[in-house]
>>> print(open('upload_0.cif').read())   # mmCIF, C-alpha atoms and all ligand atoms
data_entry
loop_
_atom_site.label_atom_id
_atom_site.label_comp_id
_atom_site.auth_asym_id
_atom_site.auth_seq_id
_atom_site.Cartn_x
_atom_site.Cartn_y
_atom_site.Cartn_z
CA PRO A 1 -13.48 22.78 -10.53
CA ARG A 2 -11.85 21.04 -13.46
CA PHE A 3 -13.68 17.73 -13.08
CA ALA A 4 -17.43 17.35 -13.25
CA ARG A 5 -17.39 13.80 -11.90
CA LEU A 6 -14.37 12.10 -10.37
CA LEU A 7 -14.45 8.40 -9.39
CA LEU A 8 -12.45 7.24 -6.37
CA THR A 9 -12.12 3.45 -6.01
CA GLY A 10 -10.96 1.91 -2.75
CA ALA A 11 -12.91 4.63 -0.95
CA ALA A 12 -13.41 2.50 2.19
CA GLY A 13 -9.66 1.84 2.53
CA GLY A 14 -7.00 3.65 4.51
CA LEU A 15 -5.90 6.00 1.73
CA GLY A 16 -9.39 6.12 0.21
CA GLN A 17 -10.71 7.67 3.41
CA VAL A 18 -7.89 10.22 3.37
CA LEU A 19 -8.57 11.10 -0.28
CA ARG A 20 -12.35 11.22 0.14
CA GLN A 21 -12.00 14.35 2.24
CA ARG A 22 -9.27 15.89 0.11
CA LEU A 23 -10.61 15.34 -3.43
CA LYS A 24 -14.03 16.84 -2.79
CA PRO A 25 -13.01 20.47 -3.38
CA TYR A 26 -11.59 19.62 -6.81
CA CYS A 27 -14.75 18.21 -8.41
CA GLN A 28 -18.47 18.86 -8.67
CA THR A 29 -19.35 15.26 -7.90
CA LEU A 30 -17.14 12.68 -6.21
CA ARG A 31 -18.30 9.12 -6.91
CA LEU A 32 -16.99 6.76 -4.24
CA SER A 33 -16.73 3.03 -4.69
CA ASP A 34 -15.49 -0.02 -2.79
CA ILE A 35 -16.48 -3.63 -2.25
CA ALA A 36 -16.77 -2.79 1.47
CA PRO A 37 -19.44 -0.53 2.97
CA MET A 38 -18.68 3.21 3.05
CA ALA A 39 -20.05 6.12 5.02
CA ALA A 40 -23.27 7.49 3.49
CA ALA A 41 -23.00 10.04 0.68
CA GLY A 42 -22.63 13.65 1.76
CA ALA A 43 -23.24 16.73 -0.38
CA GLY A 44 -21.62 16.36 -3.78
CA GLU A 45 -20.94 12.65 -3.24
CA GLU A 46 -22.28 9.42 -4.76
CA VAL A 47 -21.61 6.09 -3.05
CA VAL A 48 -21.65 2.90 -5.14
CA GLN A 49 -20.67 -0.44 -3.60
CA ALA A 50 -19.14 -2.69 -6.29
CA ASP A 51 -16.69 -5.55 -6.75
CA LEU A 52 -13.96 -4.58 -9.22
CA ALA A 53 -14.02 -8.17 -10.49
CA ASP A 54 -17.66 -7.76 -11.61
CA ALA A 55 -17.37 -6.45 -15.17
CA ALA A 56 -21.00 -5.37 -15.49
CA ALA A 57 -20.89 -3.48 -12.18
CA VAL A 58 -17.65 -1.73 -13.14
CA THR A 59 -19.01 -0.77 -16.56
CA ALA A 60 -21.99 0.87 -14.84
CA LEU A 61 -19.65 2.53 -12.32
CA LEU A 62 -17.77 4.46 -15.04
CA GLU A 63 -20.86 6.03 -16.60
CA GLY A 64 -20.53 9.80 -16.64
CA VAL A 65 -17.02 9.76 -15.12
CA ASP A 66 -14.33 12.16 -16.39
CA ALA A 67 -11.34 10.86 -14.46
CA VAL A 68 -10.56 8.06 -12.02
CA VAL A 69 -8.41 7.84 -8.92
CA HIS A 70 -8.00 4.07 -8.76
CA PHE A 71 -6.97 3.03 -5.25
CA GLY A 72 -9.19 -0.06 -4.90
CA GLY A 73 -7.77 -3.56 -4.73
CA ILE A 74 -5.70 -5.89 -2.60
CA SER A 75 -2.99 -3.82 -0.93
CA ILE A 76 -0.72 -6.49 0.61
CA GLU A 77 0.66 -9.94 -0.20
CA THR A 78 -2.23 -12.45 0.04
CA PRO A 79 -3.11 -15.75 -1.63
CA TRP A 80 -3.19 -15.54 -5.44
CA ASP A 81 -6.92 -15.64 -6.10
CA PRO A 82 -8.00 -12.38 -4.40
CA ILE A 83 -5.05 -10.64 -6.07
CA LEU A 84 -6.07 -12.06 -9.44
CA GLN A 85 -9.70 -10.98 -9.00
CA ALA A 86 -9.23 -7.50 -7.54
CA ASN A 87 -5.96 -6.30 -9.08
CA ILE A 88 -5.76 -8.09 -12.44
CA VAL A 89 -9.36 -8.81 -13.51
CA GLY A 90 -10.44 -5.66 -11.65
CA ALA A 91 -7.92 -3.39 -13.38
CA LYS A 92 -8.87 -4.82 -16.77
CA ASN A 93 -12.57 -4.20 -16.03
CA LEU A 94 -11.81 -0.63 -14.96
CA TYR A 95 -9.84 0.25 -18.11
CA GLU A 96 -12.40 -1.41 -20.39
CA ALA A 97 -15.17 0.56 -18.69
CA ALA A 98 -13.12 3.76 -19.02
CA ARG A 99 -12.71 3.09 -22.74
CA ILE A 100 -16.42 2.36 -23.20
CA HIS A 101 -17.52 5.52 -21.39
CA GLY A 102 -14.74 7.83 -22.60
CA ALA A 103 -12.98 8.57 -19.29
CA ARG A 104 -9.76 10.31 -20.27
CA ARG A 105 -7.43 10.08 -17.29
CA ILE A 106 -6.64 7.60 -14.51
CA VAL A 107 -4.39 7.95 -11.48
CA PHE A 108 -3.47 4.37 -10.58
CA ALA A 109 -2.14 3.38 -7.15
CA SER A 110 0.73 1.12 -8.14
CA SER A 111 3.31 0.24 -5.48
CA ASN A 112 6.99 0.22 -4.64
CA HIS A 113 6.60 -3.58 -4.52
CA VAL A 114 6.77 -3.52 -8.35
CA VAL A 115 10.49 -2.87 -7.79
CA GLY A 116 10.87 -4.45 -4.36
CA MET A 117 13.76 -6.75 -5.29
CA TYR A 118 16.17 -3.90 -6.02
CA GLY A 119 18.72 -3.15 -3.32
CA GLN A 120 18.44 -0.16 -0.99
CA HIS A 121 21.75 1.08 -2.44
CA GLU A 122 20.20 1.44 -5.91
CA VAL A 123 18.55 4.64 -7.13
CA LEU A 124 15.76 3.89 -9.58
CA ASP A 125 14.42 6.19 -12.26
CA VAL A 126 10.90 6.05 -13.70
CA LYS A 127 12.06 3.70 -16.49
CA ALA A 128 13.44 1.07 -14.09
CA THR A 129 12.52 -2.46 -15.17
CA PRO A 130 10.03 -4.04 -12.76
CA ARG A 131 11.42 -6.57 -10.26
CA PRO A 132 8.33 -7.44 -8.21
CA ASP A 133 8.81 -8.95 -4.78
CA GLY A 134 5.68 -11.15 -4.83
CA PHE A 135 2.28 -11.76 -6.41
CA TYR A 136 1.04 -8.40 -5.10
CA GLY A 137 3.88 -6.46 -6.76
CA LEU A 138 3.44 -8.56 -9.89
CA SER A 139 -0.24 -7.62 -10.07
CA LYS A 140 0.70 -3.93 -9.84
CA ALA A 141 3.23 -4.44 -12.66
CA PHE A 142 0.30 -5.86 -14.68
CA GLY A 143 -1.66 -2.69 -13.93
CA GLU A 144 1.25 -0.55 -15.12
CA ASN A 145 1.45 -2.50 -18.41
CA LEU A 146 -2.32 -2.57 -18.83
CA SER A 147 -2.47 1.20 -18.50
CA ARG A 148 0.30 1.56 -21.08
CA LEU A 149 -1.75 -0.54 -23.50
CA TYR A 150 -4.81 1.66 -22.95
CA PHE A 151 -2.72 4.78 -23.53
CA ASP A 152 -1.05 3.45 -26.67
CA ARG A 153 -4.24 2.02 -28.18
CA HIS A 154 -6.96 4.30 -26.81
CA GLY A 155 -5.28 7.48 -25.58
CA ILE A 156 -6.40 7.09 -21.95
CA GLU A 157 -3.75 8.91 -19.91
CA THR A 158 -2.45 7.28 -16.72
CA ALA A 159 -0.03 8.10 -13.96
CA CYS A 160 1.11 4.94 -12.15
CA LEU A 161 2.03 6.00 -8.62
CA ARG A 162 4.67 3.65 -7.23
CA ILE A 163 3.68 4.58 -3.70
CA GLY A 164 6.21 3.93 -0.94
CA SER A 165 4.69 4.01 2.56
CA CYS A 166 1.83 6.46 2.96
CA THR A 167 1.22 6.90 6.67
CA PRO A 168 0.78 9.81 9.12
CA GLU A 169 4.47 9.52 10.16
CA PRO A 170 7.54 7.44 9.23
CA THR A 171 8.08 4.78 11.91
CA ASP A 172 11.12 2.72 10.86
CA ARG A 173 14.42 2.97 9.02
CA ARG A 174 13.01 1.86 5.69
CA MET A 175 10.36 4.54 5.86
CA LEU A 176 13.03 7.22 6.12
CA SER A 177 13.36 6.47 2.37
CA THR A 178 9.83 5.29 1.44
CA TRP A 179 7.61 7.69 3.37
CA LEU A 180 4.85 9.64 1.61
CA SER A 181 2.94 12.08 3.80
CA HIS A 182 -0.81 12.43 3.40
CA ASP A 183 -0.37 16.04 2.29
CA ASP A 184 2.14 14.98 -0.37
CA LEU A 185 -0.22 12.20 -1.48
CA GLU A 186 -2.85 14.88 -2.12
CA ARG A 187 -0.25 17.02 -3.96
CA LEU A 188 0.78 14.06 -6.10
CA VAL A 189 -2.75 12.97 -7.03
CA MET A 190 -3.77 16.55 -7.81
CA ALA A 191 -0.64 17.17 -9.91
CA CYS A 192 -1.49 14.06 -11.96
CA LEU A 193 -5.11 15.16 -12.41
CA ARG A 194 -4.16 18.72 -13.34
CA ALA A 195 -1.10 18.21 -15.58
CA PRO A 196 -1.99 19.69 -18.99
CA VAL A 197 -0.41 16.67 -20.69
CA LEU A 198 0.05 13.52 -18.63
CA GLY A 199 0.55 10.79 -21.23
CA HIS A 200 1.51 7.49 -19.65
CA THR A 201 3.96 7.86 -16.83
CA ILE A 202 5.33 6.18 -13.79
CA VAL A 203 6.02 8.40 -10.79
CA TYR A 204 7.33 7.35 -7.37
CA GLY A 205 5.02 8.25 -4.51
CA CYS A 206 7.40 9.55 -1.88
CA SER A 207 7.94 12.76 0.03
CA ASP A 208 11.10 14.87 -0.35
CA ASN A 209 13.13 12.41 1.75
CA ALA A 210 16.87 12.95 2.13
CA SER A 211 17.86 9.29 1.72
CA THR A 212 15.71 8.59 -1.33
CA TRP A 213 15.96 5.50 -3.57
CA TRP A 214 13.79 7.03 -6.29
CA ASP A 215 14.41 9.65 -8.95
CA ASN A 216 11.28 11.32 -10.36
CA ARG A 217 13.05 13.58 -12.87
CA GLY A 218 11.69 11.47 -15.75
CA ALA A 219 8.19 12.49 -14.61
CA SER A 220 8.93 16.19 -14.12
CA HIS A 221 6.16 17.07 -16.63
CA VAL A 222 3.67 16.03 -13.93
CA GLY A 223 4.79 18.97 -11.80
CA TYR A 224 4.72 17.10 -8.48
CA ARG A 225 6.57 19.07 -5.80
CA PRO A 226 6.66 17.23 -2.45
CA GLN A 227 6.80 19.54 0.58
CA ASP A 228 7.35 17.05 3.40
CA SER A 229 10.38 14.99 4.44
CA SER A 230 11.07 12.10 6.81
CA GLU A 231 14.23 13.86 8.06
CA PRO A 232 12.73 15.29 11.29
CA TRP A 233 12.10 11.68 12.46
CA ARG A 234 15.59 10.36 11.57
CA ALA A 235 17.33 10.78 14.92
CA ALA A 236 14.57 9.06 16.90
CA ILE A 237 14.27 6.19 14.39
CA GLU A 238 18.02 5.60 14.18
CA ALA A 239 18.24 5.59 17.98
CA ARG A 240 15.56 2.88 18.11
CA GLN A 241 17.09 0.87 15.22
CA PRO A 242 20.84 1.49 15.43
CA HIS A 243 22.00 -1.49 13.31
CA ILE A 244 21.27 -2.73 9.80
CA ASP A 245 21.86 -6.44 9.19
CA LEU A 246 22.87 -6.76 5.55
CA SER A 247 22.54 -10.54 5.64
CA ASP A 248 18.79 -10.00 6.13
CA PRO A 249 17.08 -9.42 2.74
CA THR A 250 14.22 -7.53 4.43
CA GLN A 251 16.77 -4.93 5.56
CA ARG A 252 18.83 -4.94 2.35
CA LEU A 253 16.15 -4.84 -0.37
CA GLN A 254 13.70 -2.05 -1.19
CA GLY A 255 10.55 -4.13 -0.61
CA GLY A 256 11.37 -4.63 3.07
CA ARG A 257 9.39 -7.33 4.85
CA PHE A 258 7.45 -8.22 1.66
CA VAL A 259 10.58 -9.74 0.05
CA THR A 260 10.58 -12.93 2.14
CA ILE A 261 6.83 -13.64 2.35
CA PRO A 262 6.40 -17.06 0.69
CA PRO A 263 4.12 -17.07 -2.38
CA GLN A 264 0.67 -18.17 -1.25
CA ALA A 265 -1.16 -20.43 -3.71
P1 LIG B 301 -6.56 -0.65 1.78
O1 LIG B 301 -6.43 -2.14 1.73
O2 LIG B 301 -6.82 0.00 3.07
O3 LIG B 301 -7.68 -0.19 0.75
C1 LIG B 301 -7.96 -0.87 -0.45
C2 LIG B 301 -9.47 -0.89 -0.63
O4 LIG B 301 -9.77 -1.65 -1.82
C3 LIG B 301 -10.21 -1.57 0.54
O5 LIG B 301 -11.16 -0.71 1.10
C4 LIG B 301 -10.85 -2.80 -0.09
O6 LIG B 301 -12.14 -3.10 0.43
C5 LIG B 301 -10.93 -2.40 -1.57
N1 LIG B 301 -11.00 -3.60 -2.41
C6 LIG B 301 -10.28 -4.75 -2.28
N2 LIG B 301 -10.71 -5.66 -3.18
C7 LIG B 301 -11.69 -5.07 -3.88
C8 LIG B 301 -12.52 -5.51 -4.94
N3 LIG B 301 -12.44 -6.76 -5.46
N4 LIG B 301 -13.44 -4.65 -5.44
C9 LIG B 301 -13.55 -3.40 -4.94
N5 LIG B 301 -12.80 -2.92 -3.92
C10 LIG B 301 -11.88 -3.76 -3.41
O7 LIG B 301 -5.22 -0.08 1.11
P2 LIG B 301 -4.62 1.40 1.19
O8 LIG B 301 -3.48 1.41 2.11
O9 LIG B 301 -5.71 2.39 1.34
O10 LIG B 301 -4.02 1.52 -0.30
C11 LIG B 301 -4.79 2.03 -1.37
C12 LIG B 301 -4.11 1.65 -2.68
O11 LIG B 301 -2.79 2.16 -2.69
C13 LIG B 301 -4.01 0.15 -2.91
O12 LIG B 301 -4.23 -0.12 -4.27
C14 LIG B 301 -2.59 -0.16 -2.52
O13 LIG B 301 -2.09 -1.29 -3.24
C15 LIG B 301 -1.87 1.12 -2.91
N6 LIG B 301 -0.67 1.35 -2.11
C16 LIG B 301 -0.77 1.77 -0.81
C17 LIG B 301 0.37 2.02 -0.07
C18 LIG B 301 0.31 2.56 1.32
O14 LIG B 301 1.35 2.98 1.85
N7 LIG B 301 -0.84 2.60 1.97
C19 LIG B 301 1.71 1.81 -0.64
C20 LIG B 301 1.70 1.35 -2.01
C21 LIG B 301 0.55 1.16 -2.70
C1 LIG B 302 2.30 -1.29 -0.04
O1 LIG B 302 2.18 -1.49 -1.24
C2 LIG B 302 1.20 -1.57 0.91
O2 LIG B 302 -0.07 -1.32 0.33
C3 LIG B 302 1.31 -0.80 2.21
O3 LIG B 302 0.46 -1.42 3.16
C4 LIG B 302 2.74 -0.75 2.75
O4 LIG B 302 3.13 -2.03 3.16
C5 LIG B 302 3.68 -0.24 1.68
O5 LIG B 302 3.52 -0.91 0.44
C6 LIG B 302 5.16 -0.33 2.06
O6 LIG B 302 5.95 -0.91 1.30
O7 LIG B 302 5.54 0.21 3.10
#
>>> encode(input="upload_0.cif", output="C-alpha cells")
Amino acid sequence: PRFARLLLTGAAGGLGQVLRQRLKPYCQTLRLSDIAPMAAAGAGEEVVQADLADAAAVTALLEGVDAVVHFGGISIETPWDPILQANIVGAKNLYEAARIHGARRIVFASSNHVVGMYGQHEVLDVKATPRPDGFYGLSKAFGENLSRLYFDRHGIETACLRIGSCTPEPTDRRMLSTWLSHDDLERLVMACLRAPVLGHTIVYGCSDNASTWWDNRGASHVGYRPQDSSEPWRAAIEARQPHIDLSDPTQRLQGGRFVTIPPQA
C-alpha cells in the first residue's frame, strides 16, 4: 500500500461509512475521526473522536498521518455558527495540523453548492468562479481557498472535490446531472491519492452522466475515469417528473433546493 497512515474525517457520516470500508485496502493504518461516535476499531484501524473546531485535538489527530481524506463537517445549510466552527475553523485547524506534522496530501470534500447559483444550462470548468448558494457553499469556497494557500505557501497538495449528489441511485431530475455513484466516489478519491503530481486542483465529483453541467478536462492530470452513469434511471425519473418549471429557481439553478433556503443567523 502507498500510504502508511491515512486519516479519514467525517468517518461517522454517510459517505464516511462508505469510505471506511473502501479505503482500508489502500493503507496500512486507517485513522478514523468524527465528532460523533463511530464503530469500534477493527484490524488496521484507529478511531479518534474529535471536534474539528478544537485546535489542540486536531493537531494531535494529524500526528503520523501521510494523507487526509477530509469529509468531516456540516454537510447541509444550517445556522451560521455550526458552519463557522466545523467548516471554517475546522478546515483551518486541519491544514495547520497538516503543516505542523508534514502531511503532504489532502482530498477535501467540497461541494457543488460552491457553484450553486449557476444555471443548469451552463457548463462549468474547474476554473469557474465560485457562486455559492448559501453559507454552507460559502464555507466550502473558504476551504477551497484555504487549501490553495497551503499549497502555494507550504506545498501541501489538495484536490477539492465539488461533489454533486453521492447516493446509491439517482432519484430526481437534478440528480440525472449531479449523481456520483459510490463506486465512482471511491475511484475519484483513489485517483486523487495516487496521482503522481496532484498540485492544487478542483475536480467535480460526478459520474459519467450524459446531461452533465461539469467539465473535468482541466483536472485530467488526476486520472479520474468515472464508470457509472445516471442514464439507466432517466426514463423512470422523467416519467415521474415530466415538467420543469423555469420560473422556479430550485429547478433552474444548479444548487437545486439549496438556492432558496433563507440564510439562518
Ligand atoms: P454527513 O453529514 O453524513 O457527514 C459529515 C460528518 O462530519 C458527520 O458524521 C458529522 O458528525 C461530522 N462532523 C460535523 N461537524 C463536525 C465537527 N465539528 N467535528 C468533527 N466532525 C464533524 O455528510 P456526508 O453526506 O457523509 O458528506 C461528507 C462530506 O462530503 C461533507 O463534507 C459534505 O459537505 C460533502 N458533500 C457530500 C455530498 C453528498 O452527496 N453526500 C455532496 C457534496 C458534498
Ligand atoms: C451537498 O453538498 C450535501 O452534502 C448533500 O446532502 C446533497 O444535498 C448534495 O449536496 C446535493 O446537492 O445533492
>>> closest_residue(input="upload_0.cif", among="A:Arg234, A:Lys127, A:Lys92, A:Arg20", to="Lys140 of chain A", atoms="only C-alpha atoms")
A:Lys92
>>> atom_distance(input="upload_0.cif", atom1="atom CA of Val89 of chain A", atom2="atom CA of Ala53 of chain A")
5.6 Å
>>> residues_around(input="upload_0.cif", residues="segment 11-17 of chain A", least_positions_apart="2", cutoff="8 Å", atoms="all atoms listed in the file", output="MDAnalysis selection string")
chainID A and resid 8:9 19:21 32:34 36:38 71:72 166
>>> residues_near_ligand(input="upload_0.cif", ligand="ligand LIG 302 (chain B)", cutoff="9 Å", atoms="all atoms listed in the file", output="PyMOL selection string")
chain A and resi 74-77+109-114+116+136-137+162-167+174-175+178-179+254-258
>>> axis_aligned_box(input="upload_0.cif", around="segment 195-202 of chain A", padding_each_side="5 Å", output="lines of an AutoDock Vina configuration file")
center_x = 1.7
center_y = 12.9
center_z = -17.5
size_x = 17.3
size_y = 23.5
size_z = 17.4
>>> residues_around(input="upload_0.cif", residues="Cys192 of chain A", least_positions_apart="4", cutoff="9 Å", atoms="only C-alpha atoms", output="ChimeraX atom specification")
/A:105-107,158-159,187-188,198,222-224
>>> atom_distance(input="upload_0.cif", atom1="atom C6 of ligand LIG 301 (chain B)", atom2="atom CA of Asp81 of chain A")
12.0 Å
